[in-house]
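Okay, entry_11.cif is below, mmCIF, C-alpha atoms:
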data_work
loop_
_atom_site.group_PDB
_atom_site.id
_atom_site.type_symbol
_atom_site.label_atom_id
_atom_site.label_comp_id
_atom_site.auth_asym_id
_atom_site.auth_seq_id
_atom_site.Cartn_x
_atom_site.Cartn_y
_atom_site.Cartn_z
ATOM 1 C CA MET Y 446 7.623 -6.449 -1.651
ATOM 2 C CA LYS Y 447 10.602 -4.378 -2.753
ATOM 3 C CA GLY Y 448 8.729 -1.920 -4.950
ATOM 4 C CA PRO Y 449 5.523 -1.277 -6.858
ATOM 5 C CA CYS Y 450 4.023 -3.856 -9.215
ATOM 6 C CA ASP Y 451 3.050 -2.942 -12.774
ATOM 7 C CA ASN Y 452 -0.435 -1.795 -11.856
ATOM 8 C CA CYS Y 453 0.155 -0.454 -8.365
ATOM 9 C CA PRO Y 454 -2.034 2.516 -7.380
ATOM 10 C CA PHE Y 455 1.041 4.281 -5.951
ATOM 11 C CA ARG Y 456 2.874 4.365 -9.313
ATOM 12 C CA LYS Y 457 3.030 7.864 -10.741
ATOM 13 C CA ASP Y 458 4.227 6.738 -14.177
ATOM 14 C CA LYS Y 459 1.030 4.786 -14.944
ATOM 15 C CA LYS Y 460 -2.593 5.787 -14.650
ATOM 16 C CA PHE Y 461 -4.531 3.867 -12.033
ATOM 17 C CA HIS Y 462 -8.275 4.321 -11.638
ATOM 18 C CA LEU Y 463 -9.291 4.659 -8.031
ATOM 19 C CA ARG Y 464 -12.190 6.631 -6.570
ATOM 20 C CA ALA Y 465 -10.990 9.783 -4.833
ATOM 21 C CA ALA Y 466 -12.789 8.800 -1.616
ATOM 22 C CA ARG Y 467 -11.004 5.436 -1.600
ATOM 23 C CA ALA Y 468 -7.634 7.168 -2.110
ATOM 24 C CA VAL Y 469 -8.386 9.385 0.897
ATOM 25 C CA ASP Y 470 -9.344 6.293 2.963
ATOM 26 C CA ILE Y 471 -6.074 4.577 2.030
ATOM 27 C CA ALA Y 472 -3.985 7.684 2.779
ATOM 28 C CA GLU Y 473 -5.679 8.287 6.129
ATOM 29 C CA GLY Y 474 -5.192 4.633 7.075
ATOM 30 C CA LEU Y 475 -1.494 4.778 6.253
ATOM 31 C CA LEU Y 476 -1.145 7.993 8.274
ATOM 32 C CA ARG Y 477 -2.769 6.198 11.213
ATOM 33 C CA GLY Y 478 -0.127 3.486 10.845
ATOM 34 C CA GLU Y 479 -2.338 0.861 9.233
ATOM 35 C CA SER Y 480 -1.073 -1.631 6.674
ATOM 36 C CA PHE Y 481 -2.055 -1.608 3.017
ATOM 37 C CA HIS Y 482 -1.699 -4.991 1.347
ATOM 38 C CA CYS Y 483 -0.727 -5.607 -2.275
ATOM 39 C CA HIS Y 484 -3.821 -6.521 -4.278
ATOM 40 C CA LYS Y 485 -1.879 -9.357 -5.924
ATOM 41 C CA THR Y 486 -1.322 -11.102 -2.571
ATOM 42 C CA ILE Y 487 -4.817 -10.824 -1.067
ATOM 43 C CA ASP Y 488 -7.106 -13.839 -0.905
ATOM 44 C CA TYR Y 489 -10.515 -12.234 -1.274
ATOM 45 C CA GLY Y 490 -12.271 -15.513 -0.478
ATOM 46 C CA SER Y 491 -15.810 -16.107 -1.615
ATOM 47 C CA ALA Y 492 -18.752 -14.253 -0.176
ATOM 48 C CA GLU Y 493 -22.349 -15.418 -0.351
ATOM 49 C CA ASP Y 494 -25.302 -13.063 -0.593
ATOM 50 C CA GLY Y 495 -23.005 -10.029 -0.565
ATOM 51 C CA GLU Y 496 -21.683 -10.833 2.906
ATOM 52 C CA ILE Y 497 -18.031 -10.200 3.620
ATOM 53 C CA ASP Y 498 -16.139 -13.363 4.459
ATOM 54 C CA ALA Y 499 -14.603 -13.595 7.900
ATOM 55 C CA ARG Y 500 -11.348 -15.273 7.061
ATOM 56 C CA PRO Y 501 -8.280 -16.116 9.093
ATOM 57 C CA PHE Y 502 -5.042 -14.173 8.765
ATOM 58 C CA ASN Y 503 -3.253 -15.049 5.552
ATOM 59 C CA TYR Y 504 0.530 -15.089 5.798
ATOM 60 C CA ALA Y 505 0.807 -14.808 1.999
ATOM 61 C CA GLU Y 506 -0.546 -11.250 2.092
ATOM 62 C CA GLN Y 507 2.235 -8.707 1.772
ATOM 63 C CA PHE Y 508 2.428 -4.990 2.382
ATOM 64 C CA CYS Y 509 2.072 -3.100 -0.906
ATOM 65 C CA GLY Y 510 5.526 -2.450 -2.385
ATOM 66 C CA GLY Y 511 4.414 0.881 -3.840
ATOM 67 C CA ALA Y 512 3.095 2.045 -0.491
ATOM 68 C CA LEU Y 513 6.333 0.901 1.168
ATOM 69 C CA ALA Y 514 8.460 2.773 -1.384
ATOM 70 C CA MET Y 515 6.398 5.963 -1.101
ATOM 71 C CA LEU Y 516 6.249 5.892 2.700
ATOM 72 C CA THR Y 517 9.992 5.214 2.890
ATOM 73 C CA LYS Y 518 10.641 8.156 0.542
ATOM 74 C CA GLN Y 519 8.438 10.310 2.751
ATOM 75 C CA GLY Y 520 10.143 9.118 5.943
ATOM 76 C CA HIS Y 521 6.830 7.894 7.364
ATOM 77 C CA PHE Y 522 7.032 4.376 8.795
ATOM 78 C CA THR Y 523 3.814 2.607 9.801
ATOM 79 C CA GLN Y 524 3.665 0.393 12.832
ATOM 80 C CA MET Y 525 4.089 -2.770 10.726
ATOM 81 C CA MET Y 526 7.061 -1.261 8.882
ATOM 82 C CA GLN Y 527 8.715 -0.475 12.223
ATOM 83 C CA ILE Y 528 7.982 -3.950 13.587
ATOM 84 C CA GLY Y 529 9.253 -5.570 10.380
ATOM 85 C CA GLU Y 530 12.459 -3.563 10.599
ATOM 86 C CA ARG Y 531 13.002 -4.477 14.259
ATOM 87 C CA LEU Y 532 12.397 -8.169 13.544
ATOM 88 C CA GLY Y 533 14.750 -8.074 10.572
ATOM 89 C CA VAL Y 534 12.112 -9.058 7.998
ATOM 90 C CA TRP Y 535 12.131 -5.658 6.267
ATOM 91 C CA ASP Y 536 15.011 -3.301 5.640
ATOM 92 C CA PRO Y 537 14.193 0.206 4.375
ATOM 93 C CA SER Y 538 17.589 0.390 2.665
ATOM 94 C CA THR Y 539 16.423 -2.313 0.241
ATOM 95 C CA MET Y 540 13.758 0.000 -1.169
ATOM 96 C CA ASP Y 541 14.518 1.519 -4.579
ATOM 97 C CA PRO Y 542 14.907 5.280 -3.981
ATOM 98 C CA ASP Y 543 14.096 5.855 -7.661
ATOM 99 C CA ALA Y 544 10.899 3.785 -7.635
ATOM 100 C CA PRO Y 545 8.278 5.523 -9.798
ATOM 101 C CA VAL Y 546 5.915 6.244 -6.907
ATOM 102 C CA TYR Y 547 4.305 9.427 -5.655
ATOM 103 C CA GLU Y 548 6.467 11.544 -3.387
ATOM 104 C CA ASN Y 549 3.874 11.608 -0.613
ATOM 105 C CA LEU Y 550 0.291 10.796 0.285
ATOM 106 C CA ASP Y 551 -0.976 14.243 -0.706
ATOM 107 C CA GLU Y 552 0.357 13.752 -4.239
ATOM 108 C CA PHE Y 553 -1.231 10.262 -4.345
ATOM 109 C CA VAL Y 554 -4.643 11.588 -3.287
ATOM 110 C CA ALA Y 555 -4.420 14.564 -5.691
ATOM 111 C CA ALA Y 556 -3.628 12.239 -8.610
ATOM 112 C CA MET Y 557 -6.657 10.087 -7.875
ATOM 113 C CA SER Y 558 -8.839 13.187 -7.521
ATOM 114 C CA ASP Y 559 -7.884 14.249 -11.070
ATOM 115 C CA GLU Y 560 -9.769 11.263 -12.524
#

Write-out of the structure in structure tokens:
Amino acid sequence: MKGPCDNCPFRKDKKFHLRAARAVDIAEGLLRGESFHCHKTIDYGSAEDGEIDARPFNYAEQFCGGALAMLTKQGHFTQMMQIGERLGVWDPSTMDPDAPVYENLDEFVAAMSDE
């Protein structure tokens, strides 16, 4: 992903509805170096009786472009971003520096808390 999609939660030019607690969870995960996948690339599978499906790794899932753009702007590179750069599958210079994303995770969390 090279940037945020039209309804990316990291876009600051569009309103996205996300619970404040979920925004904090996402931000803390990214600070710990975890990945955050684009909702358009996730295969949620089918769960029965409310159980969460145990599913194999899906190579179609991609790191959220909005998260990538914001983290790159912030100069914070998660473990997967660093690995992707070293393997040559992701280049931070390809990210749009003018992408309409929050400047940092604090701004992202504050925007979701305003809901």

**Request:** Choose the residue, out of Y:Ile487, Y:Cys509, Y:Ala514, Y:Leu476, that has the smallest atom-to-atom separation from Y:Tyr547; count all atoms listed in the file.
**Result:**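 Of Y:Ile487, Y:Cys509, Y:Ala514, Y:Leu476, the one nearest Y:Tyr547, counting all atoms listed in the file, is Y:Ala514.
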
**Request:** Find the distance between atom CA of Y:Thr523 and atom CA of Y:Ala555 and write it in Å to one decimal.
**Result:**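 Atom CA of Y:Thr523 sits 21.2 Å away from atom CA of Y:Ala555.
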
**Asked** Near Y:Leu463, counting all atoms listed in the file, which residues have an atom at most 12 Å away, once you skip same-chain residues fewer than 6 positions from it, shown as a PyMOL selection string?
**Response** chain Y and resi 452-455+469-471+553-560

**Item:** Point-to-point distance in Å for atom CA of Y:Phe481 and atom CA of Y:Pro542
**Value:**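 Between atom CA of Y:Pro542 and atom CA of Y:Phe481 the gap works out to 19.6 Å.
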
**Item:** Residue contacts of Y:Asp543 (10 Å, all atoms listed in the file) excluding same-chain residues fewer than 3 positions away, as a list in words
**Value:**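 Once the adjacent positions are removed, what remains is Gly448, Ala514, Lys518, Met540 and Val546 of chain Y.
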
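A straight line drawn from atom CA of Y:Trp535 to atom CA of Y:Leu550 is 21.1 Å long.
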
**Request:** Please write as a VMD selection string the full residue list that the PyMOL selection byres ((chain Y and resi 517) around 10) yields on this file.
**Result:** chain Y and resid 511 to 516 518 to 523 526 537 to 538 540 to 542 548 to 549

Taking C-alpha atoms for each residue, export the selection above as a PDB file, keeping the file's coordinate frame.
ATOM      1  CA  GLY Y 511       4.414   0.881  -3.840  1.00  0.00           C
ATOM      2  CA  ALA Y 512       3.095   2.045  -0.491  1.00  0.00           C
ATOM      3  CA  LEU Y 513       6.333   0.901   1.168  1.00  0.00           C
ATOM      4  CA  ALA Y 514       8.460   2.773  -1.384  1.00  0.00           C
ATOM      5  CA  MET Y 515       6.398   5.963  -1.101  1.00  0.00           C
ATOM      6  CA  LEU Y 516       6.249   5.892   2.700  1.00  0.00           C
ATOM      7  CA  LYS Y 518      10.641   8.156   0.542  1.00  0.00           C
ATOM      8  CA  GLN Y 519       8.438  10.310   2.751  1.00  0.00           C
ATOM      9  CA  GLY Y 520      10.143   9.118   5.943  1.00  0.00           C
ATOM     10  CA  HIS Y 521       6.830   7.894   7.364  1.00  0.00           C
ATOM     11  CA  PHE Y 522       7.032   4.376   8.795  1.00  0.00           C
ATOM     12  CA  THR Y 523       3.814   2.607   9.801  1.00  0.00           C
ATOM     13  CA  MET Y 526       7.061  -1.261   8.882  1.00  0.00           C
ATOM     14  CA  PRO Y 537      14.193   0.206   4.375  1.00  0.00           C
ATOM     15  CA  SER Y 538      17.589   0.390   2.665  1.00  0.00           C
ATOM     16  CA  MET Y 540      13.758   0.000  -1.169  1.00  0.00           C
ATOM     17  CA  ASP Y 541      14.518   1.519  -4.579  1.00  0.00           C
ATOM     18  CA  PRO Y 542      14.907   5.280  -3.981  1.00  0.00           C
ATOM     19  CA  GLU Y 548       6.467  11.544  -3.387  1.00  0.00           C
ATOM     20  CA  ASN Y 549       3.874  11.608  -0.613  1.00  0.00           C
TER      21      ASN Y 549
END

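Between Y:Met525 and the residues Y:Ala466, Y:Arg456, Y:His482, Y:Thr539, the shortest atom-to-atom distance, using all atoms listed in the file, involves Y:His482.
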
**Request:** Enumerate, as a list in words, the residues matched when the PyMOL selection byres ((chain Y and resi 507) around 6) is run on the file above.
**Result:** His482, Cys483, Glu506 and Phe508 of chain Y

Would you compute the box with edges along x, y and z of the file around stretch 507-522 of chain Y, including every atom the file lists for it and 5 Å extra on each side, and give its centre and edge lengths in Å to one decimal, as JSON?
{"center_x": 6.4, "center_y": 0.8, "center_z": 2.5, "size_x": 18.6, "size_y": 29.0, "size_z": 22.6}
